[in-house]
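Next comes protein-v8.txt, with compact mmCIF, C-alpha atoms.
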```txt
# COMPACT_ATOMS: atom_id res chain seq x y z
CA MET A 1 35.23 46.80 25.42
CA SER A 2 33.25 47.10 22.23
CA ASP A 3 33.79 50.02 19.87
CA PRO A 4 30.61 52.15 19.74
CA SER A 5 30.79 51.91 15.96
CA HIS A 6 29.79 48.26 16.31
CA GLU A 7 26.50 49.13 18.03
CA THR A 8 23.26 48.86 16.07
CA ASP A 9 21.89 52.21 14.85
CA ASP A 10 18.08 52.25 14.81
CA THR A 11 17.71 55.86 13.79
CA GLY A 12 17.39 55.13 10.07
CA GLY A 13 18.09 57.73 7.38
CA ASP A 14 16.79 59.36 4.24
CA HIS A 15 17.98 56.47 2.02
CA PRO A 16 17.65 53.22 4.01
CA ALA A 17 18.17 50.97 0.99
CA ALA A 18 21.38 52.75 0.03
CA ASP A 19 22.52 52.69 3.65
CA ALA A 20 21.87 48.95 3.82
CA ASP A 21 23.80 48.33 0.62
CA HIS A 22 26.70 50.39 1.95
CA ALA A 23 26.64 48.50 5.26
CA ASP A 24 26.63 45.16 3.45
CA GLY A 25 29.63 46.27 1.43
CA ASP A 26 31.49 47.28 4.57
CA ALA A 27 30.62 43.96 6.20
CA ASP A 28 31.98 42.05 3.21
CA ALA A 29 35.21 44.06 3.34
CA ASN A 30 35.54 43.43 7.06
CA ALA A 31 34.98 39.71 6.60
CA ASP A 32 37.80 39.58 4.06
CA ASN A 33 40.27 41.87 5.87
CA GLU A 34 39.10 42.03 9.49
CA LEU A 35 42.37 40.76 10.94
CA PRO A 36 45.25 41.12 8.45
CA ALA A 37 47.61 38.18 7.99
CA GLU A 38 50.59 40.18 9.23
CA VAL A 39 48.70 40.98 12.45
CA VAL A 40 47.90 37.29 12.96
CA ASP A 41 51.56 36.39 12.38
CA GLU A 42 52.75 39.02 14.85
CA ALA A 43 50.19 37.89 17.46
CA GLU A 44 51.49 34.33 17.08
CA ARG A 45 55.12 35.48 17.37
CA LEU A 46 54.40 37.48 20.53
CA THR A 47 52.54 34.52 22.04
CA HIS A 48 55.47 32.16 21.45
CA LEU A 49 57.80 34.73 23.02
CA GLU A 50 55.42 35.06 25.97
CA ARG A 51 55.40 31.30 26.51
CA ALA A 52 59.18 31.05 26.14
CA ALA A 53 59.98 33.89 28.55
CA VAL A 54 61.53 32.86 31.86
CA ASP A 55 60.72 36.17 33.55
CA ASP A 56 57.10 36.87 34.46
CA ASN A 57 57.42 40.57 33.69
CA GLU A 58 58.83 39.80 30.25
CA ALA A 59 55.99 37.36 29.55
CA THR A 60 53.43 39.94 30.63
CA ALA A 61 55.03 42.55 28.36
CA TYR A 62 54.70 40.26 25.33
CA ALA A 63 51.08 39.46 26.20
CA ASP A 64 50.29 43.15 26.62
CA ARG A 65 51.84 43.97 23.24
CA ARG A 66 49.70 41.28 21.61
CA GLU A 67 46.54 42.64 23.18
CA GLU A 68 47.40 46.22 22.18
CA LEU A 69 47.96 45.07 18.60
CA LEU A 70 44.67 43.17 18.44
CA ALA A 71 42.78 46.01 20.13
CA GLU A 72 43.53 48.19 17.11
CA TYR A 73 41.11 45.90 15.23
CA ASP A 74 38.64 45.51 18.13
CA PHE A 75 39.90 41.98 18.74
CA THR A 76 41.21 40.24 21.83
CA SER A 77 42.68 36.79 22.47
CA ARG A 78 42.91 33.84 24.79
CA ILE A 79 44.97 30.64 24.87
CA ARG A 80 42.87 27.48 24.82
CA LYS A 81 44.63 24.53 26.46
CA GLU A 82 42.17 21.63 26.23
CA ASP A 83 44.41 19.77 23.76
CA ASP A 84 47.52 21.32 22.25
CA ALA A 85 47.68 24.98 23.22
CA THR A 86 45.84 27.15 20.69
CA LEU A 87 45.81 30.93 20.41
CA VAL A 88 42.27 32.13 19.68
CA CYS A 89 41.88 35.70 18.37
CA HIS A 90 38.27 36.85 18.36
CA PRO A 91 36.21 40.05 18.29
CA GLU A 92 36.22 41.89 21.61
CA GLU A 93 32.44 42.19 21.46
CA TRP A 94 32.15 38.42 22.06
CA HIS A 95 33.84 38.76 25.44
CA ASP A 96 32.02 39.37 28.70
CA ASP A 97 34.54 41.49 30.60
CA GLU A 98 32.63 41.27 33.87
CA ASN A 99 32.60 37.48 33.99
CA GLY A 100 35.74 36.79 31.93
CA VAL A 101 33.99 34.44 29.49
CA ILE A 102 32.96 34.26 25.85
CA ARG A 103 29.23 34.94 25.44
CA THR A 104 28.01 32.52 22.77
CA ASP A 105 24.88 34.62 22.27
CA ARG A 106 27.11 37.42 20.99
CA ILE A 107 28.79 35.30 18.29
CA ASN A 108 27.23 36.23 14.97
CA ASP A 109 29.81 34.56 12.70
CA ILE A 110 32.24 31.99 14.09
CA SER A 111 34.49 32.39 11.04
CA ARG A 112 35.55 35.82 12.33
CA ALA A 113 37.74 34.11 14.93
CA VAL A 114 41.27 33.01 14.09
CA GLU A 115 42.81 29.93 15.73
CA ILE A 116 46.57 29.30 15.74
CA GLN A 117 48.00 26.03 17.01
CA LEU A 118 50.98 26.76 19.26
CA GLU A 119 52.30 23.27 19.98
CA GLY A 120 53.51 21.00 17.23
CA THR A 121 51.92 20.47 13.85
CA GLU A 122 49.81 17.64 12.48
CA ASP A 123 49.95 18.64 8.81
CA PRO A 124 52.77 16.77 6.98
CA ASP A 125 53.25 19.76 4.67
CA ASP A 126 53.64 22.04 7.68
CA TRP A 127 56.11 19.62 9.25
CA ALA A 128 58.16 19.49 6.04
CA ALA A 129 58.29 23.30 5.90
CA VAL A 130 59.37 23.51 9.54
CA ASP A 131 62.03 20.85 9.05
CA ALA A 132 63.34 22.55 5.91
CA HIS A 133 63.63 25.82 7.82
CA ASN A 134 65.62 24.21 10.65
CA ARG A 135 67.84 22.33 8.17
CA ASP A 136 68.55 25.57 6.35
CA LEU A 137 69.78 27.11 9.61
CA ALA A 138 72.04 24.08 10.16
CA ASP A 139 73.40 24.34 6.60
CA ARG A 140 74.22 28.00 7.16
CA VAL A 141 76.06 27.17 10.38
CA ARG A 142 78.01 24.39 8.63
CA GLU A 143 78.97 26.64 5.73
CA ALA A 144 80.12 29.46 7.98
CA TYR A 145 81.71 27.57 10.88
CA GLY A 146 82.58 24.05 9.75
CA ASP A 147 81.42 20.49 10.27
CA VAL A 148 81.58 20.26 14.06
CA HIS A 149 79.18 23.13 14.57
CA GLY A 150 77.21 22.01 11.50
CA ASP A 151 76.77 18.50 12.90
CA ASN A 152 75.58 19.93 16.20
CA ALA A 153 73.13 22.22 14.42
CA ASP A 154 71.84 19.20 12.46
CA THR A 155 71.35 17.34 15.73
CA LEU A 156 69.34 20.24 17.07
CA ALA A 157 67.25 20.18 13.86
CA ASP A 158 66.67 16.42 14.42
CA PHE A 159 65.42 17.13 17.92
CA LEU A 160 63.14 19.93 16.75
CA GLY A 161 61.60 17.83 13.99
CA ASN A 162 61.21 14.60 15.94
CA HIS A 163 60.01 15.98 19.26
CA TYR A 164 58.31 19.32 18.75
CA ALA A 165 57.82 19.98 15.02
CA LYS A 166 58.45 23.68 15.50
CA PRO A 167 60.92 26.24 14.18
CA LEU A 168 64.01 26.90 16.28
CA GLU A 169 62.77 30.43 16.99
CA TYR A 170 59.82 29.03 18.98
CA LEU A 171 61.77 26.57 21.15
CA THR A 172 61.32 27.40 24.83
CA GLY A 173 64.09 27.46 27.40
CA LEU A 174 62.72 24.28 28.98
CA GLU A 175 62.66 22.50 25.63
CA LEU A 176 66.20 23.64 24.84
CA SER A 177 67.24 22.35 28.28
CA GLU A 178 65.72 18.99 27.35
CA PHE A 179 67.80 18.94 24.17
CA ARG A 180 71.00 19.93 25.96
CA THR A 181 70.75 17.74 29.06
CA GLU A 182 68.98 14.68 27.67
CA TYR A 183 68.73 14.37 23.89
CA PHE A 184 72.23 15.53 22.98
CA VAL A 185 73.86 13.53 25.77
CA ARG A 186 71.93 10.27 25.32
CA ASN A 187 70.69 10.16 21.73
CA ALA A 188 73.10 12.08 19.52
CA TRP A 189 76.31 10.05 20.02
CA PRO A 190 78.43 13.22 19.65
CA SER A 191 82.19 13.22 19.19
CA GLU A 192 84.43 14.82 21.79
CA GLU A 193 84.75 17.84 19.51
CA GLN A 194 80.98 18.14 19.30
CA ARG A 195 80.59 17.84 23.06
CA ALA A 196 83.13 20.61 23.63
CA ALA A 197 81.48 22.87 21.05
CA ILE A 198 77.77 22.27 21.63
CA ASP A 199 76.94 25.44 23.58
CA GLU A 200 78.77 27.58 21.03
CA SER A 201 76.95 25.64 18.27
CA ILE A 202 73.60 26.46 19.87
CA ARG A 203 74.54 30.14 19.98
CA LEU A 204 75.64 30.11 16.34
CA THR A 205 72.41 28.43 15.26
CA TYR A 206 70.34 31.06 17.03
CA ASP A 207 72.54 33.74 15.46
CA ALA A 208 71.71 32.27 12.05
CA ALA A 209 68.03 32.68 12.91
CA ASP A 210 68.67 36.23 14.17
CA GLU A 211 67.29 35.26 17.58
CA SER A 212 68.70 35.41 21.10
CA VAL A 213 69.26 32.14 22.93
CA PRO A 214 66.74 31.46 25.72
CA GLU A 215 68.11 30.52 29.11
CA TYR A 216 68.66 26.77 29.36
CA ASP A 217 70.26 24.17 31.61
CA ARG A 218 73.56 22.41 30.91
CA PRO A 219 74.30 18.90 32.16
CA SER A 220 76.71 18.37 35.00
CA SER A 221 80.27 17.41 34.05
CA ALA A 222 79.73 13.82 35.18
CA SER A 223 76.54 13.30 33.20
CA SER A 224 77.98 14.93 30.08
CA ARG A 225 80.79 12.33 30.03
CA SER A 226 78.46 9.35 30.51
```

Would you kindly transcribe this structure into structure tokens?
Amino acid sequence: MSDPSHETDDTGGDHPAADADHADGDADANADNELPAEVVDEAERLTHLERAAVDDNEATAYADRREELLAEYDFTSRIRKEDDATLVCHPEEWHDDENGVIRTDRINDISRAVEIQLEGTEDPDDWAAVDAHNRDLADRVREAYGDVHGDNADTLADFLGNHYAKPLEYLTGLELSEFRTEYFVRNAWPSEEQRAAIDESIRLTYDAADESVPEYDRPSSASSRS
């Protein structure tokens, strides 16, 4: 719902020109700082956690936390899925609660909305930054635990960069299952030592990122030897 402070006041005042100048100044400040960068980053983080959650209640909890955070700034959000999934954070006043739609007649400045791409990245600079982050995690695993775990962490970084272009922290359980049951088995050409250590390597890589490992599938014994 819209904050009453956003409603138009037609009552006027003793100094309308001064009031107008003050309002313009407030509007400029809001345009610059309406949704702080740290709030946008946290909304993105919560959305990735929501999408990665395997439990519906957990996913709902993340979504609720995002909405509570945005509501502090009179914003709300939706996930647009026409192409790659995109998180759209926009002023609550644009939303028609009764019909569950965005009312275009309420949009006074489209630049107030913030869009965050959730799947992949098309910017080469963004890809390079993501890859460097994942390689840094692999280097830390190698330095702390040796080459077998380091090679496995590098293989996981290869998968992340080539298939999803996302940081390890945003890999979903389904995507990690794809790595474990398909990519690692069929594309990585691991040694016997790597095969025996891979699940521990995954845990160590997530530890390096200070993240818990999402639930994921392991291959059957027969397929893992093929």

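The interatomic distance for the pair atom CA of A:Val40 and atom CA of A:Glu93 works out to 18.3 Å.
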
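With all atoms listed in the file as the basis for measurement, A:Thr172 is the residue among A:Thr47, A:Thr172, A:Ser191, A:Asn134 that approaches A:Val213 most closely.
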
Original post:
Could you state the separation of atom CA of A:Glu72 and atom CA of A:Val114 in Å, given to one decimal place?
Top reply: 15.6 Å

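By all atoms listed in the file, and with residues fewer than 2 positions from stretch 63-65 of chain A along its chain excluded, the set lying at most 8 Å from it is Leu46, Thr47, Glu50, Ala59, Thr60, Ala61, Glu67, Glu68 and Leu69 of chain A.
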
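Residues surrounding A:Thr86 within 10 Å are A:Glu44, A:Arg78, A:Ile79, A:Arg80, A:Lys81, A:Glu82, A:Val114, A:Glu115, A:Ile116, A:Gln117, A:Leu118, A:Glu119 [only C-alpha atoms; sequence separation below 4 positions excluded].
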
Would you write out those residues with C-alpha atoms, as a PDB file, keeping the file's coordinate frame?
```pdb
ATOM      1  CA  GLU A  44      51.490  34.330  17.080  1.00  0.00           C
ATOM      2  CA  ARG A  78      42.910  33.840  24.790  1.00  0.00           C
ATOM      3  CA  ILE A  79      44.970  30.640  24.870  1.00  0.00           C
ATOM      4  CA  ARG A  80      42.870  27.480  24.820  1.00  0.00           C
ATOM      5  CA  LYS A  81      44.630  24.530  26.460  1.00  0.00           C
ATOM      6  CA  GLU A  82      42.170  21.630  26.230  1.00  0.00           C
ATOM      7  CA  VAL A 114      41.270  33.010  14.090  1.00  0.00           C
ATOM      8  CA  GLU A 115      42.810  29.930  15.730  1.00  0.00           C
ATOM      9  CA  ILE A 116      46.570  29.300  15.740  1.00  0.00           C
ATOM     10  CA  GLN A 117      48.000  26.030  17.010  1.00  0.00           C
ATOM     11  CA  LEU A 118      50.980  26.760  19.260  1.00  0.00           C
ATOM     12  CA  GLU A 119      52.300  23.270  19.980  1.00  0.00           C
TER      13      GLU A 119
END
```

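The protein and nucleic acid residues lying at most 12 Å from A:Arg180 are Asn152, Ala153, Thr155, Leu156, Phe159, Gly173, Leu174, Arg186, Asn187, Ala188, Pro190, Arg195, Ala197, Ile198, Asp199, Glu200, Ser201, Ile202, Glu215, Tyr216, Asp217, Arg218, Pro219, Ser220, Ser223 and Ser224 of chain A, with all atoms listed in the file considered and sequence neighbours fewer than 6 positions away removed.
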
Hey, could you pull the box centre and edge lengths for stretch 170-188 of chain A, axis-aligned, 4 Å padding per side, all listed atoms, to one decimal in Å, as AutoDock Vina command-line options?
```
--center_x 66.8 --center_y 19.6 --center_z 24.0 --size_x 22.0 --size_y 26.9 --size_z 18.1
```

Subject >> Pick from A:Trp127, A:Phe179, A:Tyr145, A:Tyr170, whichever lies nearest to A:His48 using all atoms listed in the file >> reply: A:Tyr170

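What separates atom CA of A:Asp74 from atom CA of A:Arg51 is a distance of 23.5 Å.
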
**OP:** Could you give me, as an NGL selection string, the residues that sit within 12 Å of (66.4, 29.3, 16.2) in the file's coordinates, counting only C-alpha atoms?
**Re:** :A and (130-131 or 133-138 or 141 or 153 or 156-157 or 160 or 166-173 or 176 or 201-214)
